[in-house]
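Novice: My structure is stored as structure-v6.txt, with compact mmCIF, C-alpha atoms and all ligand atoms.
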# COMPACT_ATOMS: atom_id res chain seq x y z
CA MET E 1 -20.08 19.96 2.87
CA ASN E 2 -21.42 17.77 5.61
CA LEU E 3 -21.35 14.36 3.88
CA ASN E 4 -23.82 12.56 6.09
CA GLY E 5 -26.62 11.26 3.82
CA LYS E 6 -25.28 13.10 0.75
CA VAL E 7 -25.29 11.41 -2.66
CA ALA E 8 -21.83 11.15 -4.21
CA VAL E 9 -20.65 9.80 -7.55
CA VAL E 10 -16.99 8.85 -7.97
CA THR E 11 -15.63 7.75 -11.34
CA GLY E 12 -12.66 5.39 -11.39
CA SER E 13 -13.69 3.69 -8.14
CA SER E 14 -12.05 0.30 -8.65
CA SER E 15 -8.50 1.22 -7.66
CA GLY E 16 -6.11 3.92 -6.48
CA ILE E 17 -7.25 7.39 -5.47
CA GLY E 18 -10.90 6.78 -6.44
CA LEU E 19 -11.19 3.56 -4.42
CA GLU E 20 -9.61 5.16 -1.34
CA LEU E 21 -11.89 8.19 -1.66
CA CYS E 22 -15.00 5.95 -1.87
CA ARG E 23 -13.91 4.28 1.37
CA LEU E 24 -13.46 7.66 3.09
CA LEU E 25 -16.79 9.02 1.79
CA THR E 26 -18.77 5.97 2.94
CA ALA E 27 -17.08 6.22 6.36
CA LYS E 28 -18.63 9.72 6.52
CA GLU E 29 -22.04 8.11 5.77
CA ALA E 30 -22.36 9.48 2.24
CA ARG E 31 -24.29 7.32 -0.24
CA VAL E 32 -21.66 6.62 -2.84
CA PHE E 33 -22.00 5.39 -6.41
CA GLY E 34 -18.74 4.17 -7.92
CA LEU E 35 -18.38 4.04 -11.71
CA SER E 36 -15.68 1.81 -13.23
CA ARG E 37 -15.31 -1.04 -15.69
CA ARG E 38 -13.81 -3.50 -13.19
CA GLU E 39 -15.67 -4.28 -9.99
CA SER E 40 -15.19 -1.68 -7.25
CA ARG E 41 -14.88 -3.35 -3.85
CA VAL E 42 -15.93 -1.07 -1.03
CA ASP E 43 -17.23 -2.97 1.95
CA HIS E 44 -19.96 -0.60 3.14
CA PRO E 45 -23.77 -0.76 2.73
CA GLY E 46 -23.76 2.84 1.49
CA PHE E 47 -21.66 1.94 -1.56
CA HIS E 48 -23.06 0.89 -4.95
CA TRP E 49 -20.93 -0.04 -7.92
CA LEU E 50 -22.27 0.68 -11.41
CA GLN E 51 -20.22 -1.00 -14.11
CA THR E 52 -19.54 1.84 -16.52
CA ASP E 53 -17.06 2.78 -19.19
CA VAL E 54 -17.12 6.53 -18.59
CA ALA E 55 -15.75 7.22 -22.07
CA LYS E 56 -19.01 5.88 -23.56
CA GLN E 57 -21.95 8.28 -23.48
CA GLU E 58 -24.62 5.55 -23.48
CA GLU E 59 -23.00 3.85 -20.46
CA VAL E 60 -22.68 7.14 -18.57
CA ASP E 61 -26.30 7.99 -19.35
CA SER E 62 -27.58 4.64 -18.08
CA ALA E 63 -25.47 4.88 -14.91
CA PHE E 64 -27.03 8.27 -14.15
CA ASP E 65 -30.50 6.94 -15.04
CA ALA E 66 -29.97 4.30 -12.34
CA ILE E 67 -28.78 6.92 -9.83
CA PHE E 68 -31.64 9.33 -10.58
CA GLY E 69 -34.07 6.40 -10.29
CA LYS E 70 -33.13 6.33 -6.59
CA HIS E 71 -32.17 9.92 -5.77
CA GLU E 72 -33.41 13.31 -6.95
CA GLN E 73 -29.97 14.84 -7.23
CA VAL E 74 -26.27 14.22 -6.89
CA ASP E 75 -24.62 16.38 -4.23
CA LEU E 76 -21.01 15.53 -5.07
CA LEU E 77 -19.40 14.41 -8.33
CA VAL E 78 -15.76 13.37 -8.31
CA ASN E 79 -14.45 13.03 -11.86
CA ASN E 80 -11.42 10.85 -11.22
CA ALA E 81 -11.26 8.06 -13.85
CA GLY E 82 -8.17 8.29 -16.00
CA PHE E 83 -5.02 6.66 -17.24
CA GLY E 84 -1.66 7.66 -18.70
CA VAL E 85 0.14 6.99 -21.95
CA PHE E 86 3.69 8.25 -22.32
CA GLY E 87 6.20 8.19 -25.16
CA ASP E 88 7.46 10.09 -28.17
CA VAL E 89 4.57 11.62 -30.09
CA GLU E 90 5.08 9.48 -33.23
CA THR E 91 4.77 6.27 -31.16
CA ILE E 92 1.29 7.16 -29.92
CA ALA E 93 -1.39 5.56 -32.10
CA PRO E 94 -4.34 7.80 -33.00
CA GLU E 95 -6.70 5.25 -31.38
CA THR E 96 -4.71 5.51 -28.14
CA TRP E 97 -4.85 9.32 -28.30
CA ASN E 98 -8.63 9.19 -28.79
CA ARG E 99 -9.10 6.71 -25.93
CA LEU E 100 -7.01 8.91 -23.64
CA ILE E 101 -8.89 12.10 -24.47
CA GLY E 102 -12.18 10.17 -24.24
CA THR E 103 -11.42 8.81 -20.77
CA ASN E 104 -9.47 11.68 -19.20
CA LEU E 105 -11.37 14.64 -20.65
CA THR E 106 -14.63 13.86 -22.47
CA ALA E 107 -15.84 11.57 -19.65
CA MET E 108 -15.71 14.54 -17.26
CA PHE E 109 -18.00 16.49 -19.60
CA LEU E 110 -20.36 13.50 -19.96
CA CYS E 111 -20.72 13.04 -16.18
CA THR E 112 -20.82 16.76 -15.40
CA ARG E 113 -23.66 17.48 -17.84
CA LYS E 114 -25.78 14.83 -16.11
CA THR E 115 -25.30 16.23 -12.59
CA VAL E 116 -25.42 20.00 -13.17
CA PRO E 117 -29.20 20.42 -13.77
CA GLY E 118 -30.06 18.88 -10.37
CA MET E 119 -27.36 20.86 -8.61
CA LYS E 120 -28.58 24.08 -10.25
CA ALA E 121 -32.15 23.36 -9.14
CA ALA E 122 -30.92 22.76 -5.58
CA ARG E 123 -28.54 25.73 -5.82
CA LYS E 124 -25.76 23.68 -4.24
CA GLY E 125 -23.37 20.87 -4.97
CA MET E 126 -19.71 20.21 -5.62
CA ILE E 127 -17.73 18.88 -8.57
CA VAL E 128 -14.15 17.75 -7.95
CA ASN E 129 -11.97 17.05 -10.97
CA VAL E 130 -8.86 14.95 -10.39
CA VAL E 131 -6.32 16.40 -12.80
CA SER E 132 -2.51 16.18 -12.49
CA ILE E 133 0.63 18.30 -12.33
CA ALA E 134 0.80 17.16 -15.98
CA GLY E 135 -2.17 19.50 -16.48
CA LYS E 136 -0.06 22.45 -15.36
CA ARG E 137 3.32 21.72 -16.93
CA GLY E 138 4.34 19.93 -20.13
CA PHE E 139 7.16 17.40 -20.05
CA LYS E 140 9.02 15.14 -22.48
CA GLY E 141 6.98 12.07 -23.40
CA GLY E 142 3.81 13.58 -21.99
CA SER E 143 2.25 15.10 -25.13
CA ALA E 144 -0.95 13.03 -25.02
CA TYR E 145 -1.38 12.86 -21.25
CA CYS E 146 -0.53 16.57 -20.77
CA ALA E 147 -2.95 17.53 -23.56
CA SER E 148 -5.75 15.62 -21.83
CA LYS E 149 -4.98 17.08 -18.40
CA PHE E 150 -4.42 20.67 -19.64
CA GLY E 151 -7.84 20.25 -21.26
CA VAL E 152 -9.32 19.22 -17.92
CA ASN E 153 -7.88 22.30 -16.20
CA GLY E 154 -9.40 24.55 -18.87
CA PHE E 155 -12.73 22.75 -18.52
CA SER E 156 -12.59 23.05 -14.70
CA GLU E 157 -11.68 26.73 -14.63
CA ALA E 158 -14.47 27.68 -17.04
CA LEU E 159 -16.94 25.47 -15.18
CA MET E 160 -15.97 27.02 -11.86
CA GLU E 161 -16.84 30.48 -13.20
CA GLU E 162 -20.04 29.20 -14.85
CA LEU E 163 -21.46 27.38 -11.81
CA ARG E 164 -20.30 29.58 -8.96
CA GLU E 165 -23.34 31.86 -9.25
CA TYR E 166 -25.58 28.81 -8.72
CA GLY E 167 -23.90 27.89 -5.43
CA ILE E 168 -22.06 24.98 -7.06
CA ARG E 169 -18.37 24.59 -6.18
CA VAL E 170 -15.94 23.29 -8.82
CA CYS E 171 -12.55 22.23 -7.54
CA SER E 172 -9.59 20.81 -9.46
CA ILE E 173 -6.91 18.85 -7.65
CA ASN E 174 -3.57 18.39 -9.37
CA PRO E 175 -1.55 15.63 -7.70
CA GLY E 176 2.02 14.68 -8.49
CA SER E 177 3.10 11.05 -8.60
CA THR E 178 1.02 8.81 -6.38
CA GLY E 179 1.48 5.09 -5.74
CA THR E 180 -1.42 3.43 -7.57
CA GLU E 181 -1.98 1.02 -10.46
CA PHE E 182 -1.52 4.04 -12.75
CA PHE E 183 2.19 3.32 -13.12
CA SER E 184 1.75 -0.38 -13.89
CA HIS E 185 -0.09 0.70 -17.08
CA ALA E 186 1.90 3.88 -17.84
CA GLY E 187 5.31 2.32 -18.51
CA ILE E 188 7.22 4.96 -16.48
CA GLU E 189 8.56 4.83 -12.94
CA PRO E 190 8.61 7.98 -10.82
CA LYS E 191 11.33 8.49 -8.21
CA LYS E 192 9.03 9.71 -5.45
CA LEU E 193 5.45 8.79 -4.70
CA MET E 194 2.67 10.03 -2.45
CA ASN E 195 0.30 7.59 -0.80
CA ALA E 196 -3.13 7.20 -2.48
CA VAL E 197 -4.87 7.24 0.93
CA ASP E 198 -3.22 10.59 1.74
CA VAL E 199 -4.25 12.11 -1.61
CA ALA E 200 -7.82 10.85 -1.08
CA ALA E 201 -7.78 12.33 2.44
CA LEU E 202 -6.71 15.70 1.01
CA ILE E 203 -9.61 15.58 -1.46
CA LEU E 204 -11.97 14.71 1.40
CA SER E 205 -10.70 17.70 3.41
CA LEU E 206 -11.49 20.03 0.48
CA ILE E 207 -14.96 18.52 0.13
CA GLU E 208 -15.62 18.99 3.83
CA LEU E 209 -14.82 22.71 3.82
CA PRO E 210 -17.82 24.95 4.60
CA ASP E 211 -20.14 25.40 1.59
CA ASP E 212 -19.28 29.10 1.38
CA MET E 213 -15.58 28.34 0.74
CA LEU E 214 -14.50 27.55 -2.80
CA PRO E 215 -11.14 25.75 -3.01
CA ASP E 216 -10.91 26.06 -6.80
CA GLN E 217 -7.41 24.71 -7.47
CA MET E 218 -4.96 22.63 -5.51
CA VAL E 219 -1.53 21.29 -6.47
CA VAL E 220 0.14 18.68 -4.28
CA ARG E 221 3.43 16.93 -4.93
CA PRO E 222 5.71 14.43 -3.17
CA MET E 223 8.40 16.02 -0.94
N1 LIG J 301 -1.11 8.03 -9.78
C1 LIG J 301 -0.61 9.23 -10.10
O1 LIG J 301 0.60 9.48 -9.99
C2 LIG J 301 -1.51 10.32 -10.56
C3 LIG J 301 -1.00 11.64 -10.52
C4 LIG J 301 -1.83 12.68 -10.96
C5 LIG J 301 -3.10 12.41 -11.38
N2 LIG J 301 -3.56 11.13 -11.40
C6 LIG J 301 -4.93 10.92 -11.87
O2 LIG J 301 -5.68 10.35 -10.83
C7 LIG J 301 -6.79 9.65 -11.38
C8 LIG J 301 -6.87 8.29 -10.72
O3 LIG J 301 -5.73 7.53 -11.07
P1 LIG J 301 -5.00 6.54 -10.05
O4 LIG J 301 -3.63 7.04 -9.86
O5 LIG J 301 -5.83 6.27 -8.87
O6 LIG J 301 -4.85 5.25 -11.00
P2 LIG J 301 -5.53 3.81 -11.01
O7 LIG J 301 -5.27 3.12 -9.72
O8 LIG J 301 -5.04 3.18 -12.27
O9 LIG J 301 -7.09 4.11 -11.11
C9 LIG J 301 -7.70 4.57 -12.29
C10 LIG J 301 -9.19 4.38 -12.16
O10 LIG J 301 -9.79 4.92 -13.35
C11 LIG J 301 -10.69 3.96 -13.84
N3 LIG J 301 -10.88 4.05 -15.28
C12 LIG J 301 -9.95 4.11 -16.25
N4 LIG J 301 -10.55 4.13 -17.46
C13 LIG J 301 -11.88 4.07 -17.23
C14 LIG J 301 -13.02 4.05 -18.06
N5 LIG J 301 -12.92 4.09 -19.41
N6 LIG J 301 -14.24 3.97 -17.49
C15 LIG J 301 -14.36 3.93 -16.15
N7 LIG J 301 -13.33 3.96 -15.30
C16 LIG J 301 -12.10 4.02 -15.85
C17 LIG J 301 -10.11 2.61 -13.44
O11 LIG J 301 -11.17 1.67 -13.38
P3 LIG J 301 -11.40 0.44 -14.41
O12 LIG J 301 -10.08 0.07 -14.99
O13 LIG J 301 -11.99 -0.60 -13.53
O14 LIG J 301 -12.37 0.96 -15.39
C18 LIG J 301 -9.59 2.93 -12.05
O15 LIG J 301 -10.61 2.77 -11.10
C19 LIG J 301 -6.55 9.61 -12.90
O16 LIG J 301 -7.34 10.61 -13.51
C20 LIG J 301 -5.07 9.97 -13.03
O17 LIG J 301 -4.80 10.58 -14.27
C21 LIG J 301 -2.80 10.09 -10.99
Let's see the structure in the file written out as structure tokens.
Specialist:
Amino acid sequence: MNLNGKVAVVTGSSSGIGLELCRLLTAKEARVFGLSRRESRVDHPGFHWLQTDVAKQEEVDSAFDAIFGKHEQVDLLVNNAGFGVFGDVETIAPETWNRLIGTNLTAMFLCTRKTVPGMKAARKGMIVNVVSIAGKRGFKGGSAYCASKFGVNGFSEALMEELREYGIRVCSINPGSTGTEFFSHAGIEPKKLMNAVDVAALILSLIELPDDMLPDQMVVRPM
């Protein structure tokens, strides 16, 4: 995709991978809408922050109403917002489980269903889902987080098959540990970390592939 003038929506734009990706996308002259609860600070006239809790359908709907008030369609959706909760299964409160599934999984469905009709009409577009190696492999203490991310990989794979015939590319990127605010909330400390700018640059490189190439799944881990 040539990003110049394209309309992009990135969820989880206030920090980490999402923030770095918004910076890279605006540098390519895309018009970028960032959705997050805290303010997203991207110093570029092509960036607009829409305060949104992506786990709440009414907030997602009004964010997309605002976007569609200005643009006919979204060319690129990056479903990136998410967080991690780790620990033995009996220590995870049901409310925490629901919040995790709501943010990491259901929010992707809520944002995707708003963008697909316009992409189908245009017969082009791209949806990138930021998943995790935890969506490929279960590990001790990861029951809730892995469940949410395995769910995202199932969602992505089915969506890829569903939308391919409409010229819409669905790509899931599964990073390993990356140095972001994620770990200040997660209560675990990984031994090795990738740089958030490098992970965002990898996502950008997949987005910029020719429209007739479909990079449907990518796993990347620290060396
Ligand atoms: N860091 C890693 O090692 C790693 C590895 C694999 C996958 N991932 C995935 O990468 C994605 C980005 O994480 P990150 O590492 O960049 O962490 P981060 O720096 O903590 O960023 C998370 C982003 O998600 C947003 N977010 C969380 N809940 C939200 C909600 N309810 N509504 C709207 N936005 C919400 C946060 O914004 P607000 O708090 O302002 O709402 C923030 O912008 C997540 O899906 C994460 O699971 C991370």
Novice: Taking into account only C-alpha atoms, which residue in the set E:Leu76, E:Ala158, E:Ile188, E:Ile17 is nearest to Gly5 in chain E?
Specialist: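 Checking each candidate against Gly5 in chain E, we get E:Leu76 as the closest.
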Novice: Which is closer to Gly125 in chain E than all the others in E:Asp75, E:Glu95, E:Asp212, E:Glu161, using all atoms listed in the file?
Specialist: E:Asp75
Novice: Please determine, counting only C-alpha atoms, which residue among E:Glu157, E:Glu20, E:Asp198, E:Glu59 has the shortest atom-to-atom distance to Cys171 in chain E.
Specialist: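 Nearest to Cys171 in chain E: E:Glu157.
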Novice: As an exercise, work out the distance from CA of His44 in chain E to CA of Asn174 in chain E in Å and give it to one decimal place.
Specialist: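 Those two atoms sit 28.0 Å apart.
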Novice: Taking 2 positions as the minimum chain separation for residues in the same chain, which residues sit within 10 Å of Arg123 in chain E when counting only C-alpha atoms? Answer as a ChimeraX atom specification.
Specialist: /E:116-121,125,163-168
Novice: So which one's closest to ligand LIG 301 (chain J), E:Leu24, E:Leu159, E:Val199, E:Ile67? Using only C-alpha atoms and all ligand atoms, please.
Specialist: E:Val199
Novice: Residues within 12 Å of range 48-56 of chain E, please, as an mmCIF file with C-alpha atoms, keeping the file's coordinate frame. Count only C-alpha atoms; anything in the same chain fewer than 2 positions from it doesn't count.
Specialist:
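So result-v8.cif came out as:
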data_model
loop_
_atom_site.group_PDB
_atom_site.id
_atom_site.type_symbol
_atom_site.label_atom_id
_atom_site.label_comp_id
_atom_site.auth_asym_id
_atom_site.auth_seq_id
_atom_site.Cartn_x
_atom_site.Cartn_y
_atom_site.Cartn_z
ATOM 1 C CA VAL E 7 -25.290 11.410 -2.660
ATOM 2 C CA ALA E 8 -21.830 11.150 -4.210
ATOM 3 C CA VAL E 9 -20.650 9.800 -7.550
ATOM 4 C CA VAL E 10 -16.990 8.850 -7.970
ATOM 5 C CA THR E 11 -15.630 7.750 -11.340
ATOM 6 C CA GLY E 12 -12.660 5.390 -11.390
ATOM 7 C CA SER E 13 -13.690 3.690 -8.140
ATOM 8 C CA SER E 14 -12.050 0.300 -8.650
ATOM 9 C CA LEU E 19 -11.190 3.560 -4.420
ATOM 10 C CA CYS E 22 -15.000 5.950 -1.870
ATOM 11 C CA ARG E 23 -13.910 4.280 1.370
ATOM 12 C CA THR E 26 -18.770 5.970 2.940
ATOM 13 C CA ALA E 30 -22.360 9.480 2.240
ATOM 14 C CA ARG E 31 -24.290 7.320 -0.240
ATOM 15 C CA VAL E 32 -21.660 6.620 -2.840
ATOM 16 C CA PHE E 33 -22.000 5.390 -6.410
ATOM 17 C CA GLY E 34 -18.740 4.170 -7.920
ATOM 18 C CA LEU E 35 -18.380 4.040 -11.710
ATOM 19 C CA SER E 36 -15.680 1.810 -13.230
ATOM 20 C CA ARG E 37 -15.310 -1.040 -15.690
ATOM 21 C CA ARG E 38 -13.810 -3.500 -13.190
ATOM 22 C CA GLU E 39 -15.670 -4.280 -9.990
ATOM 23 C CA SER E 40 -15.190 -1.680 -7.250
ATOM 24 C CA ARG E 41 -14.880 -3.350 -3.850
ATOM 25 C CA VAL E 42 -15.930 -1.070 -1.030
ATOM 26 C CA ASP E 43 -17.230 -2.970 1.950
ATOM 27 C CA HIS E 44 -19.960 -0.600 3.140
ATOM 28 C CA PRO E 45 -23.770 -0.760 2.730
ATOM 29 C CA GLY E 46 -23.760 2.840 1.490
ATOM 30 C CA GLU E 58 -24.620 5.550 -23.480
ATOM 31 C CA GLU E 59 -23.000 3.850 -20.460
ATOM 32 C CA VAL E 60 -22.680 7.140 -18.570
ATOM 33 C CA ASP E 61 -26.300 7.990 -19.350
ATOM 34 C CA SER E 62 -27.580 4.640 -18.080
ATOM 35 C CA ALA E 63 -25.470 4.880 -14.910
ATOM 36 C CA PHE E 64 -27.030 8.270 -14.150
ATOM 37 C CA ASP E 65 -30.500 6.940 -15.040
ATOM 38 C CA ALA E 66 -29.970 4.300 -12.340
ATOM 39 C CA ILE E 67 -28.780 6.920 -9.830
ATOM 40 C CA LYS E 70 -33.130 6.330 -6.590
ATOM 41 C CA ASN E 79 -14.450 13.030 -11.860
ATOM 42 C CA ASN E 80 -11.420 10.850 -11.220
ATOM 43 C CA ALA E 81 -11.260 8.060 -13.850
ATOM 44 C CA GLY E 82 -8.170 8.290 -16.000
ATOM 45 C CA PHE E 83 -5.020 6.660 -17.240
ATOM 46 C CA ASN E 98 -8.630 9.190 -28.790
ATOM 47 C CA ARG E 99 -9.100 6.710 -25.930
ATOM 48 C CA LEU E 100 -7.010 8.910 -23.640
ATOM 49 C CA ILE E 101 -8.890 12.100 -24.470
ATOM 50 C CA GLY E 102 -12.180 10.170 -24.240
ATOM 51 C CA THR E 103 -11.420 8.810 -20.770
ATOM 52 C CA ASN E 104 -9.470 11.680 -19.200
ATOM 53 C CA LEU E 105 -11.370 14.640 -20.650
ATOM 54 C CA THR E 106 -14.630 13.860 -22.470
ATOM 55 C CA ALA E 107 -15.840 11.570 -19.650
ATOM 56 C CA MET E 108 -15.710 14.540 -17.260
ATOM 57 C CA PHE E 109 -18.000 16.490 -19.600
ATOM 58 C CA LEU E 110 -20.360 13.500 -19.960
ATOM 59 C CA CYS E 111 -20.720 13.040 -16.180
ATOM 60 C CA THR E 112 -20.820 16.760 -15.400
#
Novice: Using the file's own x, y and z axes, what box holds all listed atoms of range 40-54 of chain E with 8 Å on each side, keeping edges along x, y and z, and what are its centre and edge lengths in Å to one decimal, as AutoDock Vina command-line options?
Specialist:
--center_x -19.3 --center_y 1.6 --center_z -8.0 --size_x 24.9 --size_y 25.9 --size_z 38.3
Novice: Looking at E:Met213, E:Leu21, E:Ala93, E:Ala122, which one is nearest to ligand LIG 301 (chain J), with distances taken over all atoms listed in the file?
Specialist: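 Checking each candidate against ligand LIG 301 (chain J), we get E:Leu21 as the closest.
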Novice: Mind pulling up the distance from CA of Leu204 in chain E to CA of Leu25 in chain E?
Specialist: 7.5 Å
Novice: Counting all atoms listed in the file, which of E:Ile203, E:Met126, E:Met194, E:Ala27 gets nearest to ligand LIG 301 (chain J)?
Specialist: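 Distance minimum relative to ligand LIG 301 (chain J) lands on E:Met194.
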Novice: For the atom pair CA of Ala200 in chain E and CA of Ala144 in chain E, what is the interatomic distance in Å to one decimal place?
Specialist: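 Computing the Euclidean distance for CA of Ala200 in chain E and CA of Ala144 in chain E yields 25.0 Å.
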